[in-house]
$ cat target_26.cif   # mmCIF, N, CA and C atoms
data_target
loop_
_atom_site.label_atom_id
_atom_site.label_comp_id
_atom_site.auth_asym_id
_atom_site.auth_seq_id
_atom_site.Cartn_x
_atom_site.Cartn_y
_atom_site.Cartn_z
N MET A 1 84.36 59.33 154.15
CA MET A 1 83.85 60.56 154.71
C MET A 1 82.43 60.79 154.18
N SER A 2 81.53 61.13 155.07
CA SER A 2 80.13 61.31 154.68
C SER A 2 79.91 62.68 154.04
N ARG A 3 78.75 62.81 153.41
CA ARG A 3 78.41 64.08 152.77
C ARG A 3 78.30 65.21 153.79
N THR A 4 77.79 64.90 154.96
CA THR A 4 77.66 65.90 156.01
C THR A 4 79.02 66.42 156.44
N GLU A 5 79.97 65.52 156.62
CA GLU A 5 81.32 65.93 157.01
C GLU A 5 81.97 66.79 155.93
N ILE A 6 81.78 66.44 154.69
CA ILE A 6 82.31 67.23 153.58
C ILE A 6 81.69 68.62 153.58
N HIS A 7 80.38 68.67 153.79
CA HIS A 7 79.67 69.94 153.82
C HIS A 7 80.18 70.82 154.96
N VAL A 8 80.37 70.23 156.13
CA VAL A 8 80.86 70.98 157.29
C VAL A 8 82.27 71.51 157.01
N ARG A 9 83.12 70.69 156.42
CA ARG A 9 84.49 71.13 156.10
C ARG A 9 84.49 72.27 155.10
N ARG A 10 83.63 72.20 154.11
CA ARG A 10 83.55 73.28 153.11
C ARG A 10 83.09 74.58 153.76
N LYS A 11 82.09 74.49 154.63
CA LYS A 11 81.59 75.69 155.32
C LYS A 11 82.67 76.28 156.23
N ARG A 12 83.40 75.44 156.92
CA ARG A 12 84.47 75.90 157.80
C ARG A 12 85.57 76.58 156.99
N LYS A 13 85.94 75.97 155.87
CA LYS A 13 86.97 76.53 155.02
C LYS A 13 86.53 77.88 154.46
N ARG A 14 85.28 77.95 154.02
CA ARG A 14 84.75 79.20 153.48
C ARG A 14 84.73 80.30 154.54
N PHE A 15 84.34 79.95 155.78
CA PHE A 15 84.33 80.91 156.88
C PHE A 15 85.73 81.46 157.13
N ILE A 16 86.72 80.57 157.18
CA ILE A 16 88.10 81.00 157.45
C ILE A 16 88.63 81.87 156.31
N LEU A 17 88.33 81.51 155.07
CA LEU A 17 88.78 82.32 153.94
C LEU A 17 88.13 83.70 153.95
N ARG A 18 86.86 83.78 154.27
CA ARG A 18 86.19 85.08 154.33
C ARG A 18 86.70 85.91 155.50
N TRP A 19 86.99 85.26 156.61
CA TRP A 19 87.54 85.95 157.77
C TRP A 19 88.91 86.53 157.41
N PHE A 20 89.73 85.72 156.72
CA PHE A 20 91.04 86.18 156.27
C PHE A 20 90.91 87.36 155.32
N ALA A 21 90.00 87.28 154.36
CA ALA A 21 89.79 88.36 153.39
C ALA A 21 89.31 89.63 154.10
N ASN A 22 88.40 89.47 155.05
CA ASN A 22 87.90 90.61 155.81
C ASN A 22 89.01 91.25 156.64
N THR A 23 89.86 90.43 157.25
CA THR A 23 91.00 90.94 158.02
C THR A 23 91.93 91.74 157.13
N CYS A 24 92.29 91.19 155.99
CA CYS A 24 93.16 91.90 155.05
C CYS A 24 92.52 93.19 154.58
N SER A 25 91.24 93.15 154.29
CA SER A 25 90.52 94.33 153.81
C SER A 25 90.50 95.44 154.85
N ILE A 26 90.23 95.09 156.09
CA ILE A 26 90.22 96.09 157.16
C ILE A 26 91.60 96.68 157.36
N TYR A 27 92.61 95.84 157.36
CA TYR A 27 93.99 96.30 157.57
C TYR A 27 94.44 97.21 156.42
N LEU A 28 94.14 96.82 155.19
CA LEU A 28 94.50 97.65 154.03
C LEU A 28 93.76 98.98 154.04
N THR A 29 92.48 98.94 154.34
CA THR A 29 91.68 100.16 154.36
C THR A 29 92.17 101.12 155.44
N ALA A 30 92.53 100.60 156.60
CA ALA A 30 93.05 101.45 157.67
C ALA A 30 94.38 102.10 157.26
N GLY A 31 95.16 101.40 156.45
CA GLY A 31 96.41 101.96 155.96
C GLY A 31 96.21 103.04 154.92
N ILE A 32 95.14 102.96 154.17
CA ILE A 32 94.87 103.92 153.10
C ILE A 32 94.06 105.11 153.58
N LEU A 33 93.02 104.83 154.34
CA LEU A 33 92.06 105.86 154.76
C LEU A 33 92.55 106.55 156.03
N GLY A 34 92.63 107.86 155.98
CA GLY A 34 93.14 108.61 157.12
C GLY A 34 92.24 108.60 158.34
N GLY A 35 90.95 108.49 158.17
CA GLY A 35 90.02 108.55 159.29
C GLY A 35 89.73 107.23 159.95
N MET A 36 90.45 106.18 159.55
CA MET A 36 90.23 104.85 160.11
C MET A 36 91.55 104.34 160.68
N ILE A 37 91.55 104.02 161.98
CA ILE A 37 92.78 103.62 162.66
C ILE A 37 92.57 102.25 163.30
N ILE A 38 93.53 101.35 163.04
CA ILE A 38 93.50 100.02 163.65
C ILE A 38 94.82 99.84 164.41
N GLY A 39 94.74 99.25 165.59
CA GLY A 39 95.92 99.12 166.44
C GLY A 39 97.01 98.24 165.86
N GLY A 40 96.65 97.18 165.19
CA GLY A 40 97.62 96.24 164.63
C GLY A 40 96.89 95.08 163.98
N ILE A 41 97.66 94.08 163.59
CA ILE A 41 97.08 92.95 162.88
C ILE A 41 96.14 92.14 163.79
N VAL A 42 96.47 92.03 165.07
CA VAL A 42 95.60 91.29 166.00
C VAL A 42 94.26 92.01 166.14
N ASP A 43 94.31 93.34 166.22
CA ASP A 43 93.06 94.11 166.27
C ASP A 43 92.27 93.96 164.98
N ALA A 44 92.95 93.88 163.85
CA ALA A 44 92.27 93.68 162.57
C ALA A 44 91.60 92.31 162.52
N ILE A 45 92.25 91.29 163.07
CA ILE A 45 91.67 89.95 163.11
C ILE A 45 90.40 89.94 163.96
N ILE A 46 90.47 90.57 165.12
CA ILE A 46 89.31 90.63 166.01
C ILE A 46 88.21 91.49 165.41
N ALA A 47 88.58 92.63 164.81
CA ALA A 47 87.60 93.51 164.18
C ALA A 47 86.89 92.80 163.03
N ALA A 48 87.63 91.99 162.27
CA ALA A 48 87.02 91.26 161.15
C ALA A 48 86.00 90.25 161.68
N LEU A 49 86.32 89.57 162.75
CA LEU A 49 85.39 88.62 163.34
C LEU A 49 84.16 89.35 163.90
N LEU A 50 84.39 90.47 164.55
CA LEU A 50 83.30 91.26 165.10
C LEU A 50 82.42 91.84 164.00
N LEU A 51 83.03 92.34 162.93
CA LEU A 51 82.26 92.87 161.79
C LEU A 51 81.42 91.77 161.16
N GLY A 52 81.97 90.58 161.06
CA GLY A 52 81.20 89.45 160.53
C GLY A 52 80.00 89.14 161.41
N GLY A 53 80.18 89.20 162.71
CA GLY A 53 79.07 88.96 163.64
C GLY A 53 78.01 90.04 163.56
N VAL A 54 78.45 91.29 163.49
CA VAL A 54 77.52 92.41 163.37
C VAL A 54 76.73 92.30 162.06
N ASN A 55 77.44 91.97 160.98
CA ASN A 55 76.77 91.81 159.69
C ASN A 55 75.80 90.62 159.69
N TYR A 56 76.12 89.60 160.44
CA TYR A 56 75.27 88.41 160.47
C TYR A 56 74.01 88.63 161.31
N PHE A 57 74.15 89.30 162.44
CA PHE A 57 73.03 89.41 163.37
C PHE A 57 72.22 90.71 163.22
N ILE A 58 72.86 91.83 162.96
CA ILE A 58 72.18 93.12 162.99
C ILE A 58 71.84 93.64 161.59
N ARG A 59 72.71 93.44 160.62
CA ARG A 59 72.51 93.98 159.27
C ARG A 59 71.20 93.52 158.62
N PRO A 60 70.81 92.24 158.73
CA PRO A 60 69.54 91.85 158.10
C PRO A 60 68.34 92.65 158.62
N PHE A 61 68.31 92.90 159.91
CA PHE A 61 67.23 93.69 160.49
C PHE A 61 67.23 95.11 159.92
N LEU A 62 68.41 95.73 159.87
CA LEU A 62 68.51 97.08 159.32
C LEU A 62 68.15 97.13 157.84
N MET A 63 68.49 96.08 157.11
CA MET A 63 68.16 96.05 155.68
C MET A 63 66.64 95.99 155.48
N ILE A 64 65.95 95.25 156.34
CA ILE A 64 64.49 95.18 156.24
C ILE A 64 63.86 96.52 156.62
N VAL A 65 64.33 97.11 157.71
CA VAL A 65 63.79 98.39 158.17
C VAL A 65 64.04 99.49 157.14
N SER A 66 65.20 99.46 156.51
CA SER A 66 65.56 100.52 155.56
C SER A 66 65.16 100.21 154.12
N LEU A 67 64.39 99.15 153.92
CA LEU A 67 63.99 98.76 152.57
C LEU A 67 63.33 99.87 151.75
N PRO A 68 62.43 100.68 152.34
CA PRO A 68 61.87 101.77 151.53
C PRO A 68 62.93 102.76 151.02
N PHE A 69 63.90 103.09 151.89
CA PHE A 69 64.97 104.00 151.48
C PHE A 69 65.86 103.35 150.42
N THR A 70 66.11 102.07 150.58
CA THR A 70 66.94 101.35 149.62
C THR A 70 66.26 101.32 148.25
N ILE A 71 64.97 101.09 148.22
CA ILE A 71 64.23 101.08 146.96
C ILE A 71 64.20 102.49 146.36
N LEU A 72 63.95 103.48 147.20
CA LEU A 72 63.87 104.86 146.74
C LEU A 72 65.19 105.34 146.15
N THR A 73 66.30 104.90 146.72
CA THR A 73 67.62 105.33 146.24
C THR A 73 68.25 104.33 145.28
N LEU A 74 67.46 103.37 144.84
CA LEU A 74 67.94 102.33 143.90
C LEU A 74 69.14 101.55 144.44
N GLY A 75 69.13 101.29 145.74
CA GLY A 75 70.15 100.45 146.35
C GLY A 75 71.32 101.19 146.96
N VAL A 76 71.43 102.47 146.73
CA VAL A 76 72.56 103.24 147.24
C VAL A 76 72.54 103.33 148.77
N PHE A 77 71.36 103.27 149.36
CA PHE A 77 71.25 103.35 150.83
C PHE A 77 71.94 102.15 151.51
N THR A 78 72.17 101.09 150.77
CA THR A 78 72.89 99.93 151.32
C THR A 78 74.28 100.34 151.80
N PHE A 79 74.90 101.29 151.10
CA PHE A 79 76.22 101.77 151.53
C PHE A 79 76.14 102.45 152.89
N VAL A 80 75.03 103.13 153.16
CA VAL A 80 74.84 103.77 154.46
C VAL A 80 74.71 102.70 155.55
N VAL A 81 73.97 101.64 155.27
CA VAL A 81 73.85 100.54 156.23
C VAL A 81 75.21 99.91 156.49
N ASN A 82 76.00 99.71 155.43
CA ASN A 82 77.35 99.15 155.60
C ASN A 82 78.22 100.06 156.45
N ALA A 83 78.11 101.37 156.24
CA ALA A 83 78.87 102.33 157.05
C ALA A 83 78.44 102.26 158.52
N LEU A 84 77.14 102.11 158.75
CA LEU A 84 76.66 101.98 160.12
C LEU A 84 77.20 100.72 160.79
N MET A 85 77.27 99.63 160.05
CA MET A 85 77.80 98.38 160.61
C MET A 85 79.28 98.52 160.94
N LEU A 86 80.03 99.20 160.07
CA LEU A 86 81.45 99.43 160.33
C LEU A 86 81.63 100.36 161.53
N GLY A 87 80.80 101.38 161.62
CA GLY A 87 80.86 102.28 162.77
C GLY A 87 80.51 101.58 164.07
N LEU A 88 79.52 100.69 164.04
CA LEU A 88 79.17 99.92 165.23
C LEU A 88 80.32 99.01 165.64
N THR A 89 80.98 98.41 164.67
CA THR A 89 82.13 97.56 164.96
C THR A 89 83.24 98.37 165.63
N ALA A 90 83.51 99.56 165.09
CA ALA A 90 84.54 100.42 165.69
C ALA A 90 84.14 100.85 167.10
N TRP A 91 82.86 101.09 167.31
CA TRP A 91 82.40 101.49 168.63
C TRP A 91 82.57 100.35 169.65
N LEU A 92 82.35 99.12 169.21
CA LEU A 92 82.47 97.96 170.09
C LEU A 92 83.92 97.52 170.31
N MET A 93 84.81 97.86 169.40
CA MET A 93 86.19 97.37 169.41
C MET A 93 87.14 98.45 169.92
N PRO A 94 87.83 98.21 171.04
CA PRO A 94 88.72 99.24 171.59
C PRO A 94 89.91 99.62 170.69
N GLY A 95 90.49 98.69 169.96
CA GLY A 95 91.67 98.98 169.14
C GLY A 95 91.34 99.42 167.72
N PHE A 96 90.11 99.84 167.49
CA PHE A 96 89.64 100.19 166.15
C PHE A 96 88.84 101.48 166.26
N ALA A 97 89.26 102.51 165.52
CA ALA A 97 88.58 103.81 165.62
C ALA A 97 88.29 104.37 164.23
N ILE A 98 87.16 105.04 164.11
CA ILE A 98 86.76 105.71 162.88
C ILE A 98 86.41 107.14 163.23
N ALA A 99 86.93 108.09 162.44
CA ALA A 99 86.80 109.52 162.75
C ALA A 99 85.37 110.03 162.65
N GLY A 100 84.58 109.53 161.73
CA GLY A 100 83.21 110.02 161.58
C GLY A 100 82.48 109.21 160.53
N PHE A 101 81.28 109.70 160.18
CA PHE A 101 80.46 108.95 159.24
C PHE A 101 81.10 108.90 157.85
N GLY A 102 81.73 109.97 157.43
CA GLY A 102 82.38 109.98 156.12
C GLY A 102 83.48 108.93 156.02
N ALA A 103 84.28 108.83 157.06
CA ALA A 103 85.33 107.81 157.08
C ALA A 103 84.72 106.41 157.13
N ALA A 104 83.63 106.25 157.86
CA ALA A 104 82.96 104.95 157.92
C ALA A 104 82.37 104.59 156.55
N PHE A 105 81.79 105.58 155.87
CA PHE A 105 81.20 105.35 154.56
C PHE A 105 82.27 104.90 153.56
N TRP A 106 83.34 105.69 153.43
CA TRP A 106 84.39 105.34 152.47
C TRP A 106 85.16 104.10 152.90
N GLY A 107 85.27 103.89 154.22
CA GLY A 107 85.90 102.66 154.70
C GLY A 107 85.09 101.43 154.32
N ALA A 108 83.77 101.53 154.44
CA ALA A 108 82.90 100.41 154.05
C ALA A 108 82.99 100.14 152.56
N VAL A 109 83.08 101.21 151.76
CA VAL A 109 83.21 101.04 150.30
C VAL A 109 84.53 100.34 149.97
N LEU A 110 85.63 100.82 150.57
CA LEU A 110 86.94 100.21 150.30
C LEU A 110 87.02 98.77 150.79
N ILE A 111 86.46 98.51 151.96
CA ILE A 111 86.47 97.14 152.49
C ILE A 111 85.69 96.22 151.55
N SER A 112 84.57 96.69 151.05
CA SER A 112 83.78 95.88 150.10
C SER A 112 84.57 95.58 148.84
N ILE A 113 85.26 96.58 148.30
CA ILE A 113 86.05 96.38 147.08
C ILE A 113 87.19 95.41 147.35
N PHE A 114 87.93 95.63 148.45
CA PHE A 114 89.04 94.73 148.77
C PHE A 114 88.55 93.31 149.02
N ASN A 115 87.42 93.17 149.71
CA ASN A 115 86.86 91.83 149.94
C ASN A 115 86.53 91.13 148.63
N LEU A 116 85.94 91.87 147.71
CA LEU A 116 85.60 91.30 146.41
C LEU A 116 86.85 90.81 145.69
N VAL A 117 87.88 91.64 145.67
CA VAL A 117 89.12 91.27 144.96
C VAL A 117 89.81 90.09 145.64
N ILE A 118 89.94 90.14 146.96
CA ILE A 118 90.65 89.08 147.69
C ILE A 118 89.91 87.76 147.60
N THR A 119 88.59 87.77 147.80
CA THR A 119 87.85 86.49 147.72
C THR A 119 87.84 85.93 146.30
N THR A 120 87.84 86.81 145.31
CA THR A 120 87.91 86.33 143.92
C THR A 120 89.25 85.65 143.66
N ILE A 121 90.31 86.23 144.16
CA ILE A 121 91.65 85.64 143.98
C ILE A 121 91.76 84.32 144.74
N ILE A 122 91.30 84.31 145.98
CA ILE A 122 91.44 83.11 146.81
C ILE A 122 90.59 81.96 146.31
N GLU A 123 89.34 82.24 145.93
CA GLU A 123 88.42 81.16 145.55
C GLU A 123 88.69 80.61 144.17
N ASN A 124 89.48 81.29 143.37
CA ASN A 124 89.80 80.78 142.02
C ASN A 124 91.19 80.30 141.91
#

$ encode --input "target_26.cif" --output "structure tokens"
Amino acid sequence: MSRTEIHVRRKRKRFILRWFANTCSIYLTAGILGGMIIGGIVDAIIAALLLGGVNYFIRPFLMIVSLPFTILTLGVFTFVVNALMLGLTAWLMPGFAIAGFGAAFWGAVLISIFNLVITTIIEN
């Protein structure tokens, strides 16, 4: 097996593990947070994939645009950007609903914490 094939397999494995962690995080957060509703596990799987796409394509642009606010708030504004990405995902996904910005903010915080814990457990 060539180095390129090994590299591709590692990237694919990492993508699937992160997708799994994101799915679990969204599902757990929806169970805990009252203002966040997910239709079921299939909706969580799709929402995790959609959130990954939104974070990949749109979040970098928002991070650059909001850089002055992020510097001014010593990085705390990043949580607002994360909440906006979660809200956009809920807006795009029919089986996923968020009650308002507060629920999106705390949902993004919980999803980040759960993702950190799950990926740490899986990768080690």

$ axis_aligned_box --input "target_26.cif" --around "range 82-92 of chain A" --padding-each-side "6 Å" --output "JSON"
{"center_x": 80.3, "center_y": 99.9, "center_z": 162.9, "size_x": 20.5, "size_y": 16.8, "size_z": 26.9}

$ resolve_selection --input "target_26.cif" --expression "the PyMOL selection byres ((chain A and resi 23) around 7)" --output "list in words"
Arg18, Trp19, Phe20, Ala21, Asn22, Cys24, Ser25, Ile26, Tyr27, Leu28, Ala44, Ile45, Ala47, Ala48 and Leu49 of chain A

$ resolve_selection --input "target_26.cif" --expression "the PyMOL selection byres (((chain A and resi 29 and name CA) around 10) and name CA)" --output "list in words"
Thr23, Cys24, Ser25, Ile26, Tyr27, Leu28, Ala30, Gly31, Ile32, Leu33, Gly34, Gly35, Met36, Ile37, Ile38, Trp106, Gly107, Ala108, Val109, Leu110, Ile111, Ser112, Ile113 and Phe114 of chain A

$ select_by_dssp --input "target_26.cif" --residues "chain A" --states "alpha helix (DSSP H)" --output "number ranges by chain"
A: 3-32, 41-57, 59-65, 67-72, 77-92, 101-123

$ atom_distance --input "target_26.cif" --atom1 "CA of Arg59 in chain A" --atom2 "CA of Asn82 in chain A"
8.0 Å

$ resolve_selection --input "target_26.cif" --expression "the PyMOL selection byres (((chain A and resi 66 and name CA) around 12) and name CA)" --output "list in words"
Arg59, Pro60, Phe61, Leu62, Met63, Ile64, Val65, Leu67, Pro68, Phe69, Thr70, Ile71, Leu72, Thr73, Gly75, Val76, Phe77, Thr78, Phe79, Val80, Val81 and Asn82 of chain A

$ select_by_dssp --input "target_26.cif" --residues "range 5-117 of chain A" --states "strand (DSSP E)" --output "list in words"
Met36, Ile37, Ile38, Phe96, Ala97 and Ile98 of chain A

$ atom_distance --input "target_26.cif" --atom1 "atom N of Val54 in chain A" --atom2 "atom N of Trp91 in chain A"
11.4 Å

$ atom_distance --input "target_26.cif" --atom1 "atom N of Phe105 in chain A" --atom2 "atom C of Ala83 in chain A"
5.4 Å

$ closest_residue --input "target_26.cif" --among "A:Leu74, A:Ile16, A:Ile58, A:Ala99" --to "Glu123 in chain A" --atoms "only C-alpha atoms"
A:Ile16

$ closest_residue --input "target_26.cif" --among "A:Leu51, A:Thr119, A:Asn124, A:Ile46" --to "Pro94 in chain A" --atoms "only C-alpha atoms"
A:Ile46
